[in-house]
$ cat model-v9.pdb   # PDB, C-alpha atoms
ATOM      1  CA  MET X   1     203.252 179.051-174.878
ATOM      2  CA  ASN X   2     204.031 176.462-172.218
ATOM      3  CA  TRP X   3     202.130 173.219-172.770
ATOM      4  CA  GLU X   4     202.848 171.874-169.315
ATOM      5  CA  SER X   5     201.187 174.811-167.597
ATOM      6  CA  PHE X   6     198.376 174.639-170.134
ATOM      7  CA  PHE X   7     197.547 171.053-169.182
ATOM      8  CA  ASN X   8     198.087 171.778-165.504
ATOM      9  CA  MET X   9     195.527 174.640-165.551
ATOM     10  CA  GLY X  10     196.811 176.242-162.387
ATOM     11  CA  GLY X  11     196.294 173.008-160.449
ATOM     12  CA  TYR X  12     192.644 172.676-161.486
ATOM     13  CA  ALA X  13     193.322 170.256-164.351
ATOM     14  CA  LEU X  14     190.984 167.566-162.986
ATOM     15  CA  TYR X  15     188.007 169.913-162.784
ATOM     16  CA  ILE X  16     188.582 171.806-166.004
ATOM     17  CA  TRP X  17     189.594 168.916-168.267
ATOM     18  CA  GLY X  18     186.960 166.789-166.556
ATOM     19  CA  SER X  19     184.326 169.306-167.634
ATOM     20  CA  TYR X  20     185.571 169.394-171.217
ATOM     21  CA  LEU X  21     185.799 165.604-171.344
ATOM     22  CA  LEU X  22     182.228 165.243-170.069
ATOM     23  CA  ALA X  23     181.040 167.747-172.674
ATOM     24  CA  PHE X  24     182.881 165.817-175.384
ATOM     25  CA  VAL X  25     181.375 162.483-174.307
ATOM     26  CA  ILE X  26     177.802 163.705-173.745
ATOM     27  CA  LEU X  27     177.613 165.851-176.882
ATOM     28  CA  GLY X  28     179.504 163.226-178.897
ATOM     29  CA  LEU X  29     176.976 160.536-177.993
ATOM     30  CA  ASN X  30     174.216 162.963-178.939
ATOM     31  CA  VAL X  31     175.592 163.095-182.474
ATOM     32  CA  TRP X  32     176.867 159.554-182.870
ATOM     33  CA  LEU X  33     173.843 157.561-181.680
ATOM     34  CA  PRO X  34     171.192 159.361-183.799
ATOM     35  CA  LEU X  35     173.478 159.363-186.861
ATOM     36  CA  GLN X  36     174.027 155.639-186.466
ATOM     37  CA  LYS X  37     170.289 155.024-186.165
ATOM     38  CA  TYR X  38     169.514 157.276-189.120
ATOM     39  CA  ARG X  39     172.032 155.537-191.389
ATOM     40  CA  LYS X  40     170.726 152.100-190.464
ATOM     41  CA  GLN X  41     167.147 153.145-191.220
ATOM     42  CA  ARG X  42     168.079 154.686-194.532
ATOM     43  CA  GLN X  43     169.961 151.534-195.459
ATOM     44  CA  LYS X  44     166.968 149.392-194.534
ATOM     45  CA  ILE X  45     164.519 151.487-196.539
ATOM     46  CA  ARG X  46     166.760 151.548-199.595
ATOM     47  CA  GLN X  47     167.041 147.776-199.499
ATOM     48  CA  GLN X  48     163.268 147.505-199.164
ATOM     49  CA  TYR X  49     162.730 149.616-202.275
ATOM     50  CA  GLU X  50     165.305 147.700-204.251
ATOM     51  CA  THR X  51     163.735 144.333-203.536
ATOM     52  CA  ALA X  52     160.152 145.631-203.990
ATOM     53  CA  PRO X  53     158.670 144.956-207.432
TER      54      PRO X  53
ATOM     55  CA  MET W   1     151.115 179.087-196.725
ATOM     56  CA  ILE W   2     154.764 178.153-196.953
ATOM     57  CA  PHE W   3     155.036 177.210-193.278
ATOM     58  CA  GLN W   4     152.197 174.729-193.520
ATOM     59  CA  LYS W   5     153.672 173.196-196.640
ATOM     60  CA  TYR W   6     156.945 172.444-194.879
ATOM     61  CA  ALA W   7     155.108 170.997-191.895
ATOM     62  CA  ALA W   8     154.341 167.992-194.106
ATOM     63  CA  PRO W   9     156.981 165.226-193.786
ATOM     64  CA  LYS W  10     157.140 164.979-197.580
ATOM     65  CA  TYR W  11     158.535 168.519-197.831
ATOM     66  CA  PHE W  12     160.227 168.730-194.459
ATOM     67  CA  TYR W  13     162.409 165.652-194.970
ATOM     68  CA  PRO W  14     164.347 166.948-198.006
ATOM     69  CA  LEU W  15     164.447 170.510-196.623
ATOM     70  CA  ALA W  16     165.993 169.255-193.384
ATOM     71  CA  GLY W  17     168.493 167.265-195.427
ATOM     72  CA  LYS W  18     169.530 170.396-197.338
ATOM     73  CA  CYS W  19     169.875 172.538-194.202
ATOM     74  CA  LEU W  20     171.714 169.960-192.129
ATOM     75  CA  PRO W  21     175.253 170.326-193.593
ATOM     76  CA  TRP W  22     175.086 174.137-193.214
ATOM     77  CA  PHE W  23     174.140 173.979-189.555
ATOM     78  CA  GLY W  24     176.566 171.132-188.933
ATOM     79  CA  TRP W  25     179.605 172.854-190.426
ATOM     80  CA  LEU W  26     178.728 176.208-188.875
ATOM     81  CA  CYS W  27     178.479 174.402-185.539
ATOM     82  CA  ILE W  28     181.951 172.859-185.945
ATOM     83  CA  LEU W  29     183.395 176.229-187.017
ATOM     84  CA  THR W  30     181.952 178.124-184.051
ATOM     85  CA  LEU W  31     182.949 175.303-181.674
ATOM     86  CA  VAL W  32     186.567 175.476-182.828
ATOM     87  CA  ALA W  33     186.598 179.283-182.564
ATOM     88  CA  GLY W  34     184.927 179.242-179.140
ATOM     89  CA  LEU W  35     187.257 176.568-177.761
ATOM     90  CA  TYR W  36     190.329 178.334-179.111
ATOM     91  CA  LEU W  37     189.337 181.695-177.591
ATOM     92  CA  GLY W  38     188.150 180.076-174.372
ATOM     93  CA  LEU W  39     191.142 177.819-173.728
ATOM     94  CA  PHE W  40     194.043 179.782-175.252
ATOM     95  CA  VAL W  41     193.125 183.456-175.455
ATOM     96  CA  ALA W  42     190.859 184.202-172.467
ATOM     97  CA  PRO W  43     192.849 185.159-169.344
ATOM     98  CA  PRO W  44     192.340 183.388-166.008
ATOM     99  CA  ASP W  45     189.847 185.112-163.699
ATOM    100  CA  TYR W  46     191.356 187.253-160.927
ATOM    101  CA  GLN W  47     189.335 185.423-158.260
ATOM    102  CA  GLN W  48     188.598 181.997-159.694
ATOM    103  CA  GLY W  49     191.794 181.484-161.655
ATOM    104  CA  GLU W  50     191.712 178.952-164.465
ATOM    105  CA  THR W  51     188.439 177.372-163.281
ATOM    106  CA  VAL W  52     186.610 180.178-165.042
ATOM    107  CA  ARG W  53     187.163 178.133-168.221
ATOM    108  CA  ILE W  54     184.525 175.677-166.993
ATOM    109  CA  MET W  55     182.072 178.519-167.618
ATOM    110  CA  PHE W  56     182.442 178.173-171.406
ATOM    111  CA  ILE W  57     180.783 174.748-171.145
ATOM    112  CA  HIS W  58     178.667 175.221-168.034
ATOM    113  CA  VAL W  59     176.843 178.453-168.852
ATOM    114  CA  PRO W  60     175.952 177.666-172.501
ATOM    115  CA  SER W  61     174.713 174.214-171.374
ATOM    116  CA  ALA W  62     172.559 175.770-168.676
ATOM    117  CA  TRP W  63     171.167 178.303-171.163
ATOM    118  CA  MET W  64     170.437 175.496-173.628
ATOM    119  CA  SER W  65     168.729 173.393-170.948
ATOM    120  CA  MET W  66     166.198 176.194-170.510
ATOM    121  CA  PHE W  67     166.058 177.245-174.166
ATOM    122  CA  VAL W  68     165.304 173.719-175.416
ATOM    123  CA  TYR W  69     162.591 173.298-172.792
ATOM    124  CA  ALA W  70     160.989 176.631-173.723
ATOM    125  CA  VAL W  71     161.017 175.750-177.429
ATOM    126  CA  MET W  72     159.542 172.305-176.700
ATOM    127  CA  ALA W  73     156.764 173.890-174.627
ATOM    128  CA  GLY W  74     156.115 176.407-177.407
ATOM    129  CA  ALA W  75     155.906 173.609-179.966
ATOM    130  CA  ALA W  76     153.607 171.687-177.625
ATOM    131  CA  ALA W  77     151.251 174.679-177.434
ATOM    132  CA  VAL W  78     151.254 175.002-181.233
ATOM    133  CA  GLY W  79     150.628 171.267-181.543
ATOM    134  CA  LEU W  80     147.697 171.380-179.106
ATOM    135  CA  VAL W  81     146.001 174.189-181.039
ATOM    136  CA  TRP W  82     146.747 173.376-184.682
ATOM    137  CA  LYS W  83     147.303 169.615-184.488
ATOM    138  CA  ILE W  84     150.456 169.562-186.578
ATOM    139  CA  LYS W  85     152.128 166.171-186.570
ATOM    140  CA  LEU W  86     155.582 167.635-187.097
ATOM    141  CA  THR W  87     155.534 169.370-183.686
ATOM    142  CA  ASP W  88     155.423 165.944-182.024
ATOM    143  CA  THR W  89     158.360 164.821-184.125
ATOM    144  CA  PHE W  90     160.237 167.969-183.129
ATOM    145  CA  ILE W  91     159.450 167.628-179.425
ATOM    146  CA  ALA W  92     160.426 163.956-179.324
ATOM    147  CA  ALA W  93     163.695 164.795-181.088
ATOM    148  CA  SER W  94     164.468 167.701-178.737
ATOM    149  CA  ALA W  95     163.841 166.027-175.382
ATOM    150  CA  PRO W  96     167.004 163.877-175.178
ATOM    151  CA  ILE W  97     169.157 166.804-176.327
ATOM    152  CA  GLY W  98     167.621 169.095-173.712
ATOM    153  CA  ALA W  99     168.097 166.447-171.041
ATOM    154  CA  SER W 100     171.741 166.059-172.107
ATOM    155  CA  PHE W 101     172.406 169.788-171.805
ATOM    156  CA  THR W 102     170.752 169.816-168.384
ATOM    157  CA  LEU W 103     172.876 166.894-167.226
ATOM    158  CA  LEU W 104     175.997 168.569-168.612
ATOM    159  CA  ALA W 105     175.144 171.837-166.825
ATOM    160  CA  LEU W 106     174.669 169.960-163.543
ATOM    161  CA  LEU W 107     177.854 167.890-163.876
ATOM    162  CA  THR W 108     180.103 170.777-164.929
ATOM    163  CA  GLY W 109     178.527 172.876-162.183
ATOM    164  CA  SER W 110     179.521 170.178-159.745
ATOM    165  CA  LEU W 111     183.084 170.137-161.109
ATOM    166  CA  TRP W 112     183.186 173.917-160.727
ATOM    167  CA  GLY W 113     181.546 173.930-157.299
ATOM    168  CA  LYS W 114     184.017 171.536-155.707
ATOM    169  CA  PRO W 115     187.145 173.730-156.087
ATOM    170  CA  MET W 116     185.307 177.066-155.619
ATOM    171  CA  TRP W 117     182.677 176.311-152.938
ATOM    172  CA  GLY W 118     184.256 173.220-151.452
ATOM    173  CA  ALA W 119     181.219 171.056-152.253
ATOM    174  CA  TRP W 120     180.145 168.950-155.221
ATOM    175  CA  TRP W 121     176.529 169.677-154.488
ATOM    176  CA  VAL W 122     174.435 171.925-152.256
ATOM    177  CA  TRP W 123     170.651 171.892-152.018
ATOM    178  CA  ASP W 124     170.186 175.513-152.895
ATOM    179  CA  ALA W 125     167.535 177.046-155.117
ATOM    180  CA  ARG W 126     169.497 177.280-158.374
ATOM    181  CA  LEU W 127     170.865 173.743-158.257
ATOM    182  CA  THR W 128     167.620 172.208-157.056
ATOM    183  CA  SER W 129     165.460 173.926-159.695
ATOM    184  CA  GLU W 130     167.913 172.828-162.414
ATOM    185  CA  LEU W 131     167.703 169.265-161.090
ATOM    186  CA  ILE W 132     163.909 169.529-161.279
ATOM    187  CA  LEU W 133     164.338 170.536-164.930
ATOM    188  CA  LEU W 134     166.262 167.309-165.542
ATOM    189  CA  PHE W 135     163.430 165.353-163.911
ATOM    190  CA  LEU W 136     160.905 167.196-166.110
ATOM    191  CA  TYR W 137     162.808 166.075-169.216
ATOM    192  CA  LEU W 138     163.113 162.503-167.959
ATOM    193  CA  GLY W 139     159.470 162.488-166.844
ATOM    194  CA  PHE W 140     158.378 163.723-170.253
ATOM    195  CA  MET W 141     160.377 161.029-172.039
ATOM    196  CA  SER W 142     159.116 158.187-169.863
ATOM    197  CA  LEU W 143     155.549 159.472-170.212
ATOM    198  CA  GLN W 144     155.912 159.370-173.998
ATOM    199  CA  SER W 145     157.185 155.823-173.986
ATOM    200  CA  ALA W 146     154.507 154.692-171.502
ATOM    201  CA  ILE W 147     151.482 155.741-173.611
ATOM    202  CA  ASP W 148     150.920 153.690-176.756
ATOM    203  CA  ASP W 149     148.288 155.818-178.483
ATOM    204  CA  PRO W 150     150.299 158.618-180.177
ATOM    205  CA  ARG W 151     147.497 161.200-179.921
ATOM    206  CA  ARG W 152     147.035 160.643-176.212
ATOM    207  CA  ALA W 153     150.804 160.608-175.663
ATOM    208  CA  SER W 154     151.152 163.905-177.489
ATOM    209  CA  ARG W 155     148.333 165.520-175.477
ATOM    210  CA  ALA W 156     149.592 164.283-172.102
ATOM    211  CA  GLY W 157     153.163 165.269-172.976
ATOM    212  CA  ALA W 158     152.076 168.742-174.031
ATOM    213  CA  ILE W 159     150.247 169.294-170.749
ATOM    214  CA  LEU W 160     153.263 168.140-168.728
ATOM    215  CA  LEU W 161     155.568 170.420-170.742
ATOM    216  CA  LEU W 162     153.285 173.443-170.338
ATOM    217  CA  ILE W 163     152.909 172.977-166.579
ATOM    218  CA  GLY W 164     156.668 172.582-166.233
ATOM    219  CA  VAL W 165     157.244 175.993-167.821
ATOM    220  CA  ILE W 166     156.681 177.431-164.320
ATOM    221  CA  ASN W 167     160.110 176.056-163.445
ATOM    222  CA  LEU W 168     161.920 178.254-166.007
ATOM    223  CA  PRO W 169     161.465 181.631-164.258
ATOM    224  CA  VAL W 170     162.187 179.864-160.968
ATOM    225  CA  ILE W 171     165.575 178.748-162.327
ATOM    226  CA  HIS W 172     166.341 182.181-163.773
ATOM    227  CA  TYR W 173     165.382 184.220-160.710
ATOM    228  CA  SER W 174     166.431 181.640-158.108
ATOM    229  CA  VAL W 175     169.706 183.495-157.542
ATOM    230  CA  GLU W 176     167.802 186.676-156.714
ATOM    231  CA  TRP W 177     164.841 185.273-154.795
ATOM    232  CA  TRP W 178     166.810 183.065-152.433
ATOM    233  CA  ASN W 179     170.117 183.192-150.656
ATOM    234  CA  THR W 180     172.403 181.029-152.683
ATOM    235  CA  LEU W 181     176.007 180.099-153.233
ATOM    236  CA  HIS W 182     175.489 180.349-156.949
ATOM    237  CA  GLN W 183     176.650 183.641-158.386
ATOM    238  CA  PRO W 184     173.982 185.945-159.863
ATOM    239  CA  SER W 185     173.514 186.471-163.565
ATOM    240  CA  SER W 186     176.319 188.479-165.134
ATOM    241  CA  VAL W 187     175.359 188.363-168.806
ATOM    242  CA  ALA W 188     171.539 188.486-169.087
ATOM    243  CA  ARG W 189     171.193 191.750-167.165
ATOM    244  CA  ILE W 190     169.086 194.814-167.873
ATOM    245  CA  ASP W 191     172.116 197.081-167.539
ATOM    246  CA  GLY W 192     174.189 194.950-169.885
ATOM    247  CA  PRO W 193     176.768 192.218-169.318
ATOM    248  CA  ARG W 194     179.296 192.574-166.511
ATOM    249  CA  ILE W 195     182.042 190.442-168.030
ATOM    250  CA  HIS W 196     185.127 191.626-169.862
ATOM    251  CA  SER W 197     184.974 191.029-173.612
ATOM    252  CA  SER W 198     187.941 188.618-173.533
ATOM    253  CA  ILE W 199     185.744 186.219-171.567
ATOM    254  CA  LEU W 200     182.341 187.309-172.855
ATOM    255  CA  THR W 201     183.255 186.718-176.529
ATOM    256  CA  PRO W 202     184.168 182.999-176.214
ATOM    257  CA  LEU W 203     181.141 182.518-173.954
ATOM    258  CA  LEU W 204     178.765 183.935-176.548
ATOM    259  CA  ILE W 205     180.460 182.036-179.394
ATOM    260  CA  MET W 206     180.088 178.796-177.436
ATOM    261  CA  ALA W 207     176.430 179.663-176.828
ATOM    262  CA  VAL W 208     175.921 180.064-180.591
ATOM    263  CA  ALA W 209     177.795 176.794-181.218
ATOM    264  CA  PHE W 210     175.542 174.933-178.775
ATOM    265  CA  LYS W 211     172.438 176.385-180.464
ATOM    266  CA  LEU W 212     173.728 175.207-183.854
ATOM    267  CA  PHE W 213     174.511 171.833-182.286
ATOM    268  CA  PHE W 214     170.928 171.565-181.080
ATOM    269  CA  ILE W 215     169.503 172.457-184.497
ATOM    270  CA  SER W 216     171.799 169.973-186.270
ATOM    271  CA  VAL W 217     171.046 167.060-183.967
ATOM    272  CA  VAL W 218     167.320 167.841-183.963
ATOM    273  CA  LEU W 219     167.323 167.710-187.776
ATOM    274  CA  ILE W 220     169.107 164.330-187.765
ATOM    275  CA  ARG W 221     166.695 162.938-185.190
ATOM    276  CA  MET W 222     163.646 164.306-187.006
ATOM    277  CA  ARG W 223     164.751 162.820-190.313
ATOM    278  CA  SER W 224     165.317 159.525-188.577
ATOM    279  CA  ASP W 225     161.872 159.687-186.994
ATOM    280  CA  ILE W 226     160.236 160.508-190.330
ATOM    281  CA  LEU W 227     161.981 157.542-191.989
ATOM    282  CA  GLU W 228     160.610 155.303-189.267
ATOM    283  CA  ASN W 229     157.025 156.553-189.543
ATOM    284  CA  GLU W 230     156.826 157.010-193.297
ATOM    285  CA  ALA W 231     158.676 153.866-194.358
ATOM    286  CA  GLY W 232     155.762 152.638-196.443
ATOM    287  CA  SER W 233     154.678 155.945-197.935
ATOM    288  CA  ARG W 234     154.708 156.744-201.606
ATOM    289  CA  TRP W 235     156.582 160.059-201.501
ATOM    290  CA  LEU W 236     159.542 158.462-199.785
ATOM    291  CA  GLN W 237     159.651 155.736-202.399
ATOM    292  CA  GLU W 238     159.538 158.322-205.190
ATOM    293  CA  GLN W 239     162.079 160.697-203.674
ATOM    294  CA  GLY W 240     164.365 158.007-202.358
ATOM    295  CA  ALA W 241     165.573 157.989-198.774
TER     296      ALA W 241
END
$ encode --input "model-v9.pdb" --output "structure tokens"
Amino acid sequence: MNWESFFNMGGYALYIWGSYLLAFVILGLNVWLPLQKYRKQRQKIRQQYETAP
Amino acid sequence: MIFQKYAAPKYFYPLAGKCLPWFGWLCILTLVAGLYLGLFVAPPDYQQGETVRIMFIHVPSAWMSMFVYAVMAGAAAVGLVWKIKLTDTFIAASAPIGASFTLLALLTGSLWGKPMWGAWWVWDARLTSELILLFLYLGFMSLQSAIDDPRRASRAGAILLLIGVINLPVIHYSVEWWNTLHQPSSVARIDGPRIHSSILTPLLIMAVAFKLFFISVVLIRMRSDILENEAGSRWLQEQGA
């Protein structure tokens, strides 16, 4: 397999890799942001319970 | 009834936590398989060349944009009738994911339209109705954040979602009802798909991967939402977060 022609995508590299990059960014943010929020909340609640009598 | 039991946050929270890794890993597995088949194995299209590979992102996103909306509307109807709190949690968790898929479908469509049609955007029925779907998602989300009383917000949101359902058949049939640049449906046809299996297989695998992605992210968001609302409750303290 020829990597150069793979990345070139028959001259449509901008459109094709642009689409995959957008998918990666949009779907990635959809995972990362909620996970971040969830972990922070869990942390907060655990600390609350530890300090509670 | 078992369904009603798991509609309670106390039971749903740990259940979602148990299911999440399964859906998450299955999603990654199907994504890798779909991307491999779509980028390395599938041949270029005889008319559209390599740009056909945009389809493996574009079409599953467009399907998801409609699927997520339909499921949200269904949950809204259930919530209106049976007043289950968990449906609101589910709908709130789904909306940003649905909006993201809609945006992704529009953007990748634009990136596909430019080399094939010569235009980033045309105001034809398919594109316009999909744009309206994005506005329905955004409208729903801003409506939710604008109303403080959760019961009123849920009711108003449900009504908006149910009215917006009209847009779904418009999107689906837009390519038949109106003259359009957009190509007609080639998979969801009564006489069966019209795509060769080398391209149909990665497309369907990507569609499954996107469904699993939706389920996984919804579960994360719902757990997060439950933590926020139930922070002071006894069950959470006993079970541990």
$ interface_residues --input "model-v9.pdb" --of "chain X" --to "chain W" --cutoff "9 Å" --atoms "all atoms listed in the file" --output "mmCIF file with C-alpha atoms, in the coordinates of the input"
data_model
loop_
_atom_site.group_PDB
_atom_site.id
_atom_site.type_symbol
_atom_site.label_atom_id
_atom_site.label_comp_id
_atom_site.auth_asym_id
_atom_site.auth_seq_id
_atom_site.Cartn_x
_atom_site.Cartn_y
_atom_site.Cartn_z
ATOM 1 C CA PHE X 6 198.376 174.639 -170.134
ATOM 2 C CA MET X 9 195.527 174.640 -165.551
ATOM 3 C CA GLY X 10 196.811 176.242 -162.387
ATOM 4 C CA GLY X 11 196.294 173.008 -160.449
ATOM 5 C CA TYR X 12 192.644 172.676 -161.486
ATOM 6 C CA ALA X 13 193.322 170.256 -164.351
ATOM 7 C CA LEU X 14 190.984 167.566 -162.986
ATOM 8 C CA TYR X 15 188.007 169.913 -162.784
ATOM 9 C CA ILE X 16 188.582 171.806 -166.004
ATOM 10 C CA TRP X 17 189.594 168.916 -168.267
ATOM 11 C CA GLY X 18 186.960 166.789 -166.556
ATOM 12 C CA SER X 19 184.326 169.306 -167.634
ATOM 13 C CA TYR X 20 185.571 169.394 -171.217
ATOM 14 C CA LEU X 22 182.228 165.243 -170.069
ATOM 15 C CA ALA X 23 181.040 167.747 -172.674
ATOM 16 C CA ILE X 26 177.802 163.705 -173.745
ATOM 17 C CA LEU X 27 177.613 165.851 -176.882
ATOM 18 C CA ASN X 30 174.216 162.963 -178.939
ATOM 19 C CA VAL X 31 175.592 163.095 -182.474
ATOM 20 C CA PRO X 34 171.192 159.361 -183.799
ATOM 21 C CA LEU X 35 173.478 159.363 -186.861
ATOM 22 C CA LYS X 37 170.289 155.024 -186.165
ATOM 23 C CA TYR X 38 169.514 157.276 -189.120
ATOM 24 C CA ARG X 39 172.032 155.537 -191.389
ATOM 25 C CA GLN X 41 167.147 153.145 -191.220
ATOM 26 C CA ARG X 42 168.079 154.686 -194.532
ATOM 27 C CA GLN X 43 169.961 151.534 -195.459
ATOM 28 C CA ILE X 45 164.519 151.487 -196.539
ATOM 29 C CA ARG X 46 166.760 151.548 -199.595
ATOM 30 C CA TYR X 49 162.730 149.616 -202.275
#
$ atom_distance --input "model-v9.pdb" --atom1 "atom CA of Leu181 of chain W" --atom2 "atom CA of Ile195 of chain W"
19.0 Å
$ residues_near_point --input "model-v9.pdb" --point "(192.1, 185.6, -177.3)" --cutoff "10 Å" --atoms "only C-alpha atoms" --output "list in words"
Ala33, Gly34, Tyr36, Leu37, Gly38, Leu39, Phe40, Val41, Ala42, Pro43, Ser197, Ser198, Ile199, Thr201 and Pro202 of chain W
$ write_last_selection --input "model-v9.pdb" --atoms "C-alpha atoms" --output "compact mmCIF listing (two decimals), in the coordinates of the input"
# COMPACT_ATOMS: atom_id res chain seq x y z
CA ALA W 33 186.60 179.28 -182.56
CA GLY W 34 184.93 179.24 -179.14
CA TYR W 36 190.33 178.33 -179.11
CA LEU W 37 189.34 181.70 -177.59
CA GLY W 38 188.15 180.08 -174.37
CA LEU W 39 191.14 177.82 -173.73
CA PHE W 40 194.04 179.78 -175.25
CA VAL W 41 193.12 183.46 -175.46
CA ALA W 42 190.86 184.20 -172.47
CA PRO W 43 192.85 185.16 -169.34
CA SER W 197 184.97 191.03 -173.61
CA SER W 198 187.94 188.62 -173.53
CA ILE W 199 185.74 186.22 -171.57
CA THR W 201 183.26 186.72 -176.53
CA PRO W 202 184.17 183.00 -176.21
$ residues_around --input "model-v9.pdb" --residues "segment 21-26 of chain W" --least-positions-apart "3" --cutoff "10 Å" --atoms "only C-alpha atoms" --output "PyMOL selection string"
chain W and resi 16-18+29-32+208-209+211-217+219
$ write_last_selection --input "model-v9.pdb" --atoms "C-alpha atoms" --output "compact mmCIF listing (two decimals), in the frame of the given file"
# COMPACT_ATOMS: atom_id res chain seq x y z
CA ALA W 16 165.99 169.26 -193.38
CA GLY W 17 168.49 167.26 -195.43
CA LYS W 18 169.53 170.40 -197.34
CA LEU W 29 183.40 176.23 -187.02
CA THR W 30 181.95 178.12 -184.05
CA LEU W 31 182.95 175.30 -181.67
CA VAL W 32 186.57 175.48 -182.83
CA VAL W 208 175.92 180.06 -180.59
CA ALA W 209 177.80 176.79 -181.22
CA LYS W 211 172.44 176.38 -180.46
CA LEU W 212 173.73 175.21 -183.85
CA PHE W 213 174.51 171.83 -182.29
CA PHE W 214 170.93 171.56 -181.08
CA ILE W 215 169.50 172.46 -184.50
CA SER W 216 171.80 169.97 -186.27
CA VAL W 217 171.05 167.06 -183.97
CA LEU W 219 167.32 167.71 -187.78
$ atom_distance --input "model-v9.pdb" --atom1 "atom CA of Ser233 of chain W" --atom2 "atom CA of Arg151 of chain W"
20.1 Å
$ atom_distance --input "model-v9.pdb" --atom1 "atom CA of Leu133 of chain W" --atom2 "atom CA of Ile205 of chain W"
24.5 Å
$ axis_aligned_box --input "model-v9.pdb" --around "segment 111-118 of chain W" --padding-each-side "6 Å" --output "AutoDock Vina command-line options"
--center_x 184.3 --center_y 173.6 --center_z -156.3 --size_x 17.6 --size_y 18.9 --size_z 21.7
$ residues_around --input "model-v9.pdb" --residues "Tyr137 of chain W" --least-positions-apart "5" --cutoff "9 Å" --atoms "only C-alpha atoms" --output "list in words"
Tyr69, Ala95, Pro96, Gly98, Ala99, Thr102, Ile132, Ser142 and Leu161 of chain W
$ build_atoms --input "model-v9.pdb" --residues "segment 112-124 of chain W" --atoms "N, CA and C atoms" --output "compact mmCIF listing (two decimals), keeping the file's coordinate frame"
# COMPACT_ATOMS: atom_id res chain seq x y z
N TRP W 112 182.78 172.54 -161.00
CA TRP W 112 183.19 173.92 -160.73
C TRP W 112 182.96 174.23 -159.25
N GLY W 113 181.89 173.66 -158.69
CA GLY W 113 181.55 173.93 -157.30
C GLY W 113 182.57 173.37 -156.32
N LYS W 114 183.08 172.18 -156.64
CA LYS W 114 184.02 171.54 -155.71
C LYS W 114 185.24 172.42 -155.41
N PRO W 115 185.98 172.89 -156.42
CA PRO W 115 187.14 173.73 -156.09
C PRO W 115 186.78 175.13 -155.58
N MET W 116 185.62 175.68 -155.98
CA MET W 116 185.31 177.07 -155.62
C MET W 116 184.49 177.17 -154.33
N TRP W 117 183.52 176.26 -154.13
CA TRP W 117 182.68 176.31 -152.94
C TRP W 117 183.10 175.29 -151.91
N GLY W 118 183.87 174.29 -152.36
CA GLY W 118 184.26 173.22 -151.45
C GLY W 118 183.24 172.11 -151.38
N ALA W 119 182.23 172.12 -152.28
CA ALA W 119 181.22 171.06 -152.25
C ALA W 119 180.82 170.69 -153.67
N TRP W 120 180.61 169.39 -153.90
CA TRP W 120 180.14 168.95 -155.22
C TRP W 120 178.71 169.40 -155.44
N TRP W 121 177.96 169.40 -154.35
CA TRP W 121 176.53 169.68 -154.49
C TRP W 121 176.03 170.37 -153.24
N VAL W 122 175.16 171.37 -153.40
CA VAL W 122 174.44 171.92 -152.26
C VAL W 122 172.97 172.03 -152.67
N TRP W 123 172.08 171.83 -151.70
CA TRP W 123 170.65 171.89 -152.02
C TRP W 123 170.19 173.34 -151.97
N ASP W 124 170.70 174.15 -152.88
CA ASP W 124 170.19 175.51 -152.90
C ASP W 124 169.27 175.70 -154.10
